[in-house]
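Raw contents of query_1.csv, CSV, C-alpha atoms and all ligand atoms:
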```csv
chain,number,residue,atom,x,y,z
Y,285,MET,CA,1.8,17.6,14.2
Y,286,SER,CA,-0.7,19.1,11.7
Y,287,LYS,CA,-4.5,18.7,12.2
Y,288,LYS,CA,-6.3,16.0,10.3
Y,289,LYS,CA,-7.8,17.3,7.1
Y,290,THR,CA,-11.5,17.0,6.3
Y,291,ILE,CA,-13.6,17.0,3.2
Y,292,LEU,CA,-14.0,20.8,3.6
Y,293,ASP,CA,-10.2,21.2,3.5
Y,294,PHE,CA,-10.0,19.2,0.3
Y,295,ILE,CA,-12.7,21.3,-1.4
Y,296,LYS,CA,-11.0,24.5,-0.2
Y,297,MET,CA,-7.7,23.2,-1.6
Y,298,LYS,CA,-9.3,22.5,-5.0
Y,299,LYS,CA,-10.7,26.0,-5.1
Y,300,ALA,CA,-7.4,27.5,-4.1
Y,301,GLY,CA,-5.5,25.4,-6.6
Y,302,GLU,CA,-3.5,23.7,-3.9
Y,303,GLN,CA,-2.3,20.2,-4.7
Y,304,VAL,CA,-3.2,17.2,-2.5
Y,305,ALA,CA,-0.3,14.8,-2.1
Y,306,TRP,CA,-1.3,11.3,-1.1
Y,307,VAL,CA,0.1,7.8,-1.0
Y,308,THR,CA,-1.0,4.3,-0.3
Y,309,ALA,CA,0.1,2.5,2.9
Y,310,TYR,CA,-0.8,-0.9,4.3
Y,311,ASP,CA,1.1,-1.1,7.6
Y,312,TYR,CA,2.0,0.8,10.8
Y,313,PRO,CA,5.5,2.0,10.0
Y,314,THR,CA,4.8,3.2,6.4
Y,315,ALA,CA,1.7,5.0,7.6
Y,316,SER,CA,3.6,6.6,10.4
Y,317,PHE,CA,6.4,7.7,8.1
Y,318,ALA,CA,3.9,9.1,5.6
Y,319,GLU,CA,2.2,11.1,8.3
Y,320,GLN,CA,5.5,12.4,9.7
Y,321,ALA,CA,6.4,13.5,6.1
Y,322,GLY,CA,3.1,15.4,5.9
Y,323,VAL,CA,0.9,13.6,3.3
Y,324,ASP,CA,-2.6,15.0,3.0
Y,325,MET,CA,-4.3,11.6,3.0
Y,326,ILE,CA,-3.6,7.9,2.9
Y,327,LEU,CA,-5.3,5.2,0.8
Y,328,VAL,CA,-5.2,1.7,2.2
Y,329,GLY,CA,-5.6,0.3,-1.3
Y,330,ASP,CA,-6.6,-3.2,-2.1
Y,331,SER,CA,-3.3,-3.1,-4.1
Y,332,LEU,CA,-2.1,-4.5,-0.7
Y,333,GLY,CA,-2.9,-7.8,-2.4
Y,334,MET,CA,-0.1,-7.3,-4.9
Y,335,VAL,CA,2.2,-5.0,-3.0
Y,336,VAL,CA,2.2,-6.7,0.4
Y,337,LEU,CA,0.5,-10.1,0.2
Y,338,GLY,CA,2.1,-11.3,-3.1
Y,339,TYR,CA,-1.0,-12.1,-5.1
Y,340,GLU,CA,-1.0,-11.6,-8.9
Y,341,SER,CA,-4.0,-9.3,-8.8
Y,342,THR,CA,-6.3,-7.5,-6.3
Y,343,ILE,CA,-9.1,-10.0,-6.7
Y,344,PRO,CA,-8.3,-12.4,-3.8
Y,345,VAL,CA,-8.2,-9.5,-1.2
Y,346,THR,CA,-10.9,-9.9,1.4
Y,347,MET,CA,-12.7,-7.6,3.7
Y,348,GLU,CA,-10.8,-9.1,6.7
Y,349,ASP,CA,-7.5,-8.3,4.9
Y,350,CYS,CA,-8.6,-4.7,4.3
Y,351,ILE,CA,-9.9,-4.1,7.9
Y,352,SER,CA,-6.8,-5.5,9.5
Y,353,HIS,CA,-4.5,-3.4,7.3
Y,354,CYS,CA,-6.7,-0.3,7.8
Y,355,LYS,CA,-6.4,-0.7,11.6
Y,356,ALA,CA,-2.6,-0.9,11.4
Y,357,VAL,CA,-2.5,2.2,9.2
Y,358,ARG,CA,-4.9,4.2,11.5
Y,359,ARG,CA,-2.6,3.3,14.5
Y,360,GLY,CA,0.4,4.6,12.5
Y,361,ALA,CA,-1.3,7.7,11.2
Y,362,PRO,CA,-3.9,8.9,13.8
Y,363,ASN,CA,-4.0,12.5,12.3
Y,364,THR,CA,-4.4,11.7,8.6
Y,365,TRP,CA,-7.5,11.3,6.5
Y,366,ILE,CA,-7.6,7.6,5.7
Y,367,ILE,CA,-9.5,6.0,2.8
Y,368,GLY,CA,-10.5,2.4,3.1
Y,369,ASP,CA,-10.6,0.6,-0.3
Y,370,MET,CA,-13.5,-1.7,-0.8
Y,371,PRO,CA,-12.2,-5.0,-2.1
Y,372,PHE,CA,-13.7,-7.0,-5.0
Y,373,GLY,CA,-16.9,-8.8,-3.9
Y,374,SER,CA,-17.6,-6.4,-1.0
Y,375,TYR,CA,-20.0,-4.1,-3.0
Y,376,GLN,CA,-20.9,-5.9,-6.2
Y,377,VAL,CA,-23.8,-8.0,-5.0
Y,378,SER,CA,-26.3,-5.5,-3.5
Y,379,ASN,CA,-26.7,-2.1,-2.0
Y,380,GLU,CA,-27.3,-3.7,1.4
Y,381,GLU,CA,-24.0,-5.6,1.3
Y,382,ALA,CA,-22.2,-2.5,0.0
Y,383,VAL,CA,-23.5,-0.4,2.9
Y,384,LYS,CA,-22.8,-3.1,5.5
Y,385,ASN,CA,-19.2,-3.5,4.4
Y,386,ALA,CA,-18.7,0.3,4.1
Y,387,VAL,CA,-19.9,0.6,7.7
Y,388,ARG,CA,-17.3,-1.9,8.8
Y,389,PHE,CA,-14.5,0.3,7.5
Y,390,LEU,CA,-15.6,3.2,9.7
Y,391,LYS,CA,-16.7,1.2,12.8
Y,392,GLU,CA,-14.0,-1.4,13.0
Y,393,ALA,CA,-11.0,0.3,11.3
Y,394,ASP,CA,-11.7,4.0,12.0
Y,395,THR,CA,-11.2,5.0,8.3
Y,396,ASP,CA,-12.7,8.4,7.3
Y,397,CYS,CA,-14.3,7.2,4.1
Y,398,VAL,CA,-14.3,4.4,1.6
Y,399,LYS,CA,-13.4,4.2,-2.1
Y,400,LEU,CA,-14.9,1.9,-4.7
Y,401,GLU,CA,-14.2,1.3,-8.4
Y,402,GLY,CA,-16.5,2.0,-11.3
Y,403,GLY,CA,-18.8,4.7,-12.6
Y,404,VAL,CA,-22.2,4.3,-14.2
Y,405,ARG,CA,-22.6,0.7,-13.1
Y,406,VAL,CA,-21.8,1.4,-9.4
Y,407,ALA,CA,-23.6,4.7,-9.1
Y,408,GLY,CA,-26.4,3.1,-7.2
Y,409,ARG,CA,-24.0,1.6,-4.7
Y,410,ILE,CA,-22.2,5.0,-4.2
Y,411,ARG,CA,-25.6,6.6,-3.6
Y,412,ALA,CA,-26.6,3.9,-1.0
Y,413,ILE,CA,-23.4,4.3,0.9
Y,414,VAL,CA,-23.6,8.1,0.8
Y,415,ASP,CA,-27.2,7.9,2.0
Y,416,ALA,CA,-25.9,5.9,5.0
Y,417,GLY,CA,-23.8,8.9,5.9
Y,418,ILE,CA,-20.4,7.6,4.7
Y,419,PRO,CA,-18.2,9.7,2.5
Y,420,VAL,CA,-17.3,7.9,-0.7
Y,421,MET,CA,-14.4,8.5,-3.2
Y,422,GLY,CA,-15.0,7.3,-6.7
Y,423,HIS,CA,-12.4,5.6,-8.9
Y,424,VAL,CA,-12.7,5.5,-12.7
Y,425,GLY,CA,-10.4,5.0,-15.8
Y,426,LEU,CA,-8.2,2.0,-15.2
Y,427,THR,CA,-10.0,0.0,-12.5
Y,428,PRO,CA,-7.8,-2.8,-11.4
Y,429,GLN,CA,-10.6,-5.0,-10.1
Y,430,SER,CA,-12.0,-5.2,-13.6
Y,431,SER,CA,-8.7,-5.5,-15.4
Y,432,GLY,CA,-9.9,-8.9,-16.7
Y,433,GLN,CA,-12.7,-7.1,-18.6
Y,434,LEU,CA,-10.4,-4.3,-19.7
Y,435,GLY,CA,-7.9,-6.8,-21.1
Y,436,GLY,CA,-5.2,-6.1,-18.5
Y,437,PHE,CA,-3.8,-3.1,-16.6
Y,438,LYS,CA,-4.3,-0.8,-19.6
Y,439,ALA,CA,-4.6,3.0,-19.9
Y,440,GLN,CA,-8.2,4.1,-20.5
Y,441,GLY,CA,-9.8,7.0,-22.4
Y,442,ARG,CA,-7.2,7.1,-25.2
Y,443,ASP,CA,-9.7,7.1,-28.0
Y,444,VAL,CA,-12.8,9.3,-28.2
Y,445,LYS,CA,-15.3,6.4,-27.7
Y,446,ASN,CA,-13.5,5.3,-24.5
Y,447,ALA,CA,-12.9,8.9,-23.3
Y,448,ARG,CA,-16.7,9.3,-23.5
Y,449,ALA,CA,-17.2,6.3,-21.3
Y,450,VAL,CA,-14.6,7.7,-18.7
Y,451,ILE,CA,-16.4,11.1,-18.7
Y,452,GLU,CA,-19.8,9.5,-18.3
Y,453,ASP,CA,-18.5,7.4,-15.4
Y,454,ALA,CA,-16.9,10.4,-13.7
Y,455,LEU,CA,-20.2,12.4,-14.0
Y,456,ALA,CA,-22.2,9.4,-12.6
Y,457,VAL,CA,-19.8,9.2,-9.6
Y,458,GLN,CA,-20.3,12.9,-8.9
Y,459,ASP,CA,-24.1,12.7,-9.4
Y,460,ALA,CA,-24.2,9.8,-7.0
Y,461,GLY,CA,-22.8,12.0,-4.2
Y,462,ALA,CA,-19.1,11.1,-4.0
Y,463,PHE,CA,-17.0,13.8,-2.3
Y,464,ALA,CA,-14.0,13.2,-4.7
Y,465,ILE,CA,-12.9,11.1,-7.5
Y,466,LEU,CA,-9.7,9.3,-8.4
Y,467,ILE,CA,-8.8,8.9,-12.1
Y,468,GLU,CA,-6.3,6.2,-13.0
Y,469,ALA,CA,-4.2,5.9,-16.2
Y,470,VAL,CA,-6.2,8.3,-18.4
Y,471,PRO,CA,-4.6,10.9,-20.8
Y,472,PRO,CA,-4.0,14.3,-19.2
Y,473,GLU,CA,-6.2,16.0,-21.8
Y,474,VAL,CA,-9.3,14.0,-20.5
Y,475,THR,CA,-8.3,14.6,-16.9
Y,476,ALA,CA,-7.9,18.3,-17.4
Y,477,PHE,CA,-11.4,18.4,-18.9
Y,478,LEU,CA,-12.8,16.5,-15.9
Y,479,GLN,CA,-11.0,18.7,-13.4
Y,480,LYS,CA,-12.8,21.8,-14.9
Y,481,LYS,CA,-16.1,20.1,-15.4
Y,482,LEU,CA,-16.5,18.5,-12.0
Y,483,SER,CA,-17.1,20.5,-8.8
Y,484,ILE,CA,-15.7,17.7,-6.6
Y,485,PRO,CA,-11.9,17.3,-6.3
Y,486,VAL,CA,-10.3,15.2,-9.1
Y,487,TYR,CA,-7.2,13.2,-8.1
Y,488,SER,CA,-4.9,11.4,-10.4
Y,489,ILE,CA,-2.8,8.2,-10.4
Y,490,GLY,CA,-1.1,8.1,-13.8
Y,491,ALA,CA,-3.6,10.6,-15.2
Y,492,GLY,CA,-1.6,13.8,-15.3
Y,493,PRO,CA,-2.0,17.1,-13.5
Y,494,CYS,CA,-5.3,17.8,-11.6
Y,495,ASP,CA,-6.2,18.5,-8.0
Y,496,GLY,CA,-3.8,16.1,-6.5
Y,497,GLN,CA,-1.6,13.0,-7.0
Y,498,LEU,CA,-1.6,9.5,-5.6
Y,499,LEU,CA,1.3,7.0,-5.9
Y,500,ILE,CA,1.5,3.5,-4.6
Y,501,SER,CA,4.0,3.5,-1.7
Y,502,GLY,CA,5.6,0.3,-3.0
Y,503,ASP,CA,6.3,1.9,-6.3
Y,504,LEU,CA,7.4,5.3,-4.9
Y,505,LEU,CA,9.8,3.6,-2.4
Y,506,GLY,CA,11.1,1.0,-4.9
Y,507,LYS,CA,9.8,-2.0,-3.0
Y,508,PHE,CA,7.4,-3.5,-5.6
Y,509,GLN,CA,9.5,-5.4,-8.0
Y,510,THR,CA,7.0,-7.3,-10.2
Y,511,PHE,CA,6.4,-4.4,-12.7
Y,512,THR,CA,6.6,-0.6,-12.7
Y,513,PRO,CA,3.9,1.3,-14.5
Y,514,LYS,CA,5.0,4.2,-16.9
Y,515,PHE,CA,3.5,6.8,-14.6
Y,516,VAL,CA,5.6,5.9,-11.6
Y,517,LYS,CA,8.4,8.1,-10.3
Y,518,LYS,CA,10.7,6.2,-7.9
Y,519,TYR,CA,11.9,8.3,-5.0
Y,520,ALA,CA,14.0,5.6,-3.3
Y,521,ASN,CA,15.3,2.1,-3.9
Y,522,CYS,CA,14.2,0.4,-0.7
Y,523,ALA,CA,14.5,-3.1,-2.3
Y,524,GLU,CA,18.2,-2.5,-2.8
Y,525,VAL,CA,18.7,-1.0,0.6
Y,526,GLU,CA,16.9,-3.9,2.3
Y,527,ILE,CA,18.6,-6.6,0.3
Y,528,ASN,CA,22.0,-5.1,1.0
Y,529,ALA,CA,21.2,-4.8,4.7
Y,530,PHE,CA,20.2,-8.5,4.8
Y,531,LYS,CA,23.4,-9.5,2.9
Y,532,GLU,CA,25.6,-7.6,5.4
Y,533,TYR,CA,23.8,-9.2,8.3
Y,534,ILE,CA,24.2,-12.7,6.9
Y,535,LYS,CA,27.9,-12.0,6.3
Y,536,ASP,CA,28.4,-10.8,9.9
Y,537,VAL,CA,26.6,-13.8,11.4
Y,538,ARG,CA,28.5,-16.3,9.3
Y,539,SER,CA,31.8,-14.7,10.1
Y,540,GLY,CA,31.1,-14.3,13.8
Y,541,GLN,CA,31.2,-10.5,13.7
Y,542,PHE,CA,27.6,-10.4,15.0
Y,543,PRO,CA,26.7,-10.3,17.8
Y,544,SER,CA,29.6,-8.3,19.3
Y,545,ASP,CA,30.1,-7.2,22.9
Y,546,GLU,CA,27.8,-4.1,22.4
Y,547,HIS,CA,24.9,-6.3,21.4
Y,548,VAL,CA,24.7,-8.5,24.6
Y,549,TYR,CA,23.4,-8.1,28.1
Y,550,HIS,CA,26.1,-8.6,30.7
Y,551,VAL,CA,25.5,-10.4,34.1
Y,552,ILE,CA,25.0,-8.2,37.1
Y,553,ASP,CA,26.0,-10.7,39.8
Y,554,PRO,CA,29.7,-11.8,40.2
Y,555,ILE,CA,30.7,-14.3,37.6
Y,556,GLU,CA,31.8,-16.8,40.4
Y,557,LYS,CA,28.1,-17.1,41.4
Y,558,PHE,CA,27.2,-18.0,37.9
Y,559,GLU,CA,30.0,-20.6,37.7
Y,560,GLN,CA,28.5,-22.1,40.9
Y,561,LEU,CA,25.1,-22.1,39.3
Y,562,PHE,CA,26.3,-23.8,36.2
Y,563,LYS,CA,28.0,-26.5,38.3
Y,564,GLU,CA,24.7,-27.3,40.0
Y,565,PHE,CA,23.3,-28.3,36.6
Y,566,MET,CA,26.3,-30.3,35.5
L,601,LIG,O1,-5.7,-0.3,-4.4
L,601,LIG,C1,-5.1,0.8,-4.8
L,601,LIG,O2,-4.0,1.1,-4.3
L,601,LIG,C2,-5.8,1.6,-5.8
L,601,LIG,C3,-4.9,2.4,-6.6
L,601,LIG,C4,-4.4,1.6,-7.7
L,601,LIG,C5,-5.6,3.6,-7.1
L,601,LIG,O3,-7.0,1.6,-5.9
```
Please re-express this file's structure in structure tokens.
Ligand code: KIV
Amino acid sequence: MSKKKTILDFIKMKKAGEQVAWVTAYDYPTASFAEQAGVDMILVGDSLGMVVLGYESTIPVTMEDCISHCKAVRRGAPNTWIIGDMPFGSYQVSNEEAVKNAVRFLKEADTDCVKLEGGVRVAGRIRAIVDAGIPVMGHVGLTPQSSGQLGGFKAQGRDVKNARAVIEDALAVQDAGAFAILIEAVPPEVTAFLQKKLSIPVYSIGAGPCDGQLLISGDLLGKFQTFTPKFVKKYANCAEVEINAFKEYIKDVRSGQFPSDEHVYHVIDPIEKFEQLFKEFM
């Protein structure tokens, strides 16, 4: 079992040009499999709303949802750096609420840090949480919690005006004290510039090569069927595997093939004694 990585390892990896490979997870088994496979870190994303809870967006996800799923992930991956994703509404209102909710992730769910979406406009929140002693990862580019304002789940930074906004956001996140930043759905040219410009590790989801890559486990494993972003590479088709397994089971039950002798517990007293017992109840 490899040792849990820390912020210092992530900084060293950036300097050495070593890639960080990380995924999202929302439950005990997925976290355990990801840790056994050797991922460098796990994000308990508020994407859990869409991937696991069946909502159409991440907006309905609550602090209670996040804490509960973070706890399950921590139990499954005790030796992995875990990022708790702050849900919509948990940091928008005030610095005080942002700090209070960030503290909950560490105290109640044992996450190693928190992530929140936005750049210039949340820099004050990031600073307040960092000042409370909590490591923060920033998230700029396509920020799903503000997809309404962005006009949908759309790539960002594709024209010069918008790229300037992404760059300003990333600089604000670094200046506010974040230990790393995630860039989502931004052209690789802009990401490459930010990777050189920023001293903190720069990670990508759909933003091309940089200091490491994140994929949503539901996409990577082929479980999320609603839509597949262009940047996703599928490494398995779990939906097909699971549907086929359920189909086989239904067929076996309906045809009487399941359960067979190997799937039952046999009596340990002589059968005559059981027949006597049954008679008593007749
Ligand atoms: O919630 C999440 O999984 C995320 C990714 C989309 C980056 O924030």
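The nearest approach to Pro362 (chain Y) among the residues Y:Pro554, Y:Glu302, Y:Gln320, Y:Ser341, with all atoms listed in the file taken into account, belongs to Y:Gln320.
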Go through Y:Lys507, Y:Arg538, Y:Lys399, Y:Lys514 one by one, measure the shortest atom-to-atom distance of each to ligand LIG 601 (chain L) using all atoms listed in the file, and give the residue with the smallest value.
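That would be Y:Lys399, the residue with the smallest distance to ligand LIG 601 (chain L).
Put simply, CA of Lys557 (chain Y) is 21.1 Å away from CA of Asp545 (chain Y).
You can rank Y:Met370, Y:Val486, Y:Val548, Y:Leu478 by their closest distance to Val383 (chain Y) using all atoms listed in the file, and at the top of that list sits Y:Met370.
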Report as a PyMOL selection string which protein, DNA and RNA residues come within 7 Å of ligand LIG 601 (chain L), using all atoms listed in the file.
chain Y and resi 308+327-332+369+428+468+489+500
I need the chosen residues saved as an mmCIF file, in the coordinates of the input, with C-alpha atoms.
```cif
data_model
loop_
_atom_site.group_PDB
_atom_site.id
_atom_site.type_symbol
_atom_site.label_atom_id
_atom_site.label_comp_id
_atom_site.auth_asym_id
_atom_site.auth_seq_id
_atom_site.Cartn_x
_atom_site.Cartn_y
_atom_site.Cartn_z
ATOM 1 C CA THR Y 308 -1.000 4.300 -0.300
ATOM 2 C CA LEU Y 327 -5.300 5.200 0.800
ATOM 3 C CA VAL Y 328 -5.200 1.700 2.200
ATOM 4 C CA GLY Y 329 -5.600 0.300 -1.300
ATOM 5 C CA ASP Y 330 -6.600 -3.200 -2.100
ATOM 6 C CA SER Y 331 -3.300 -3.100 -4.100
ATOM 7 C CA LEU Y 332 -2.100 -4.500 -0.700
ATOM 8 C CA ASP Y 369 -10.600 0.600 -0.300
ATOM 9 C CA PRO Y 428 -7.800 -2.800 -11.400
ATOM 10 C CA GLU Y 468 -6.300 6.200 -13.000
ATOM 11 C CA ILE Y 489 -2.800 8.200 -10.400
ATOM 12 C CA ILE Y 500 1.500 3.500 -4.600
#
```
State, in Å with one decimal place, the distance from CA of Ala460 (chain Y) to CA of Ala407 (chain Y).
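Taking CA of Ala460 (chain Y) and CA of Ala407 (chain Y), their separation equals 5.5 Å.
One distance worth recording is that between CA of Glu452 (chain Y) and CA of Val404 (chain Y), which is 7.0 Å.
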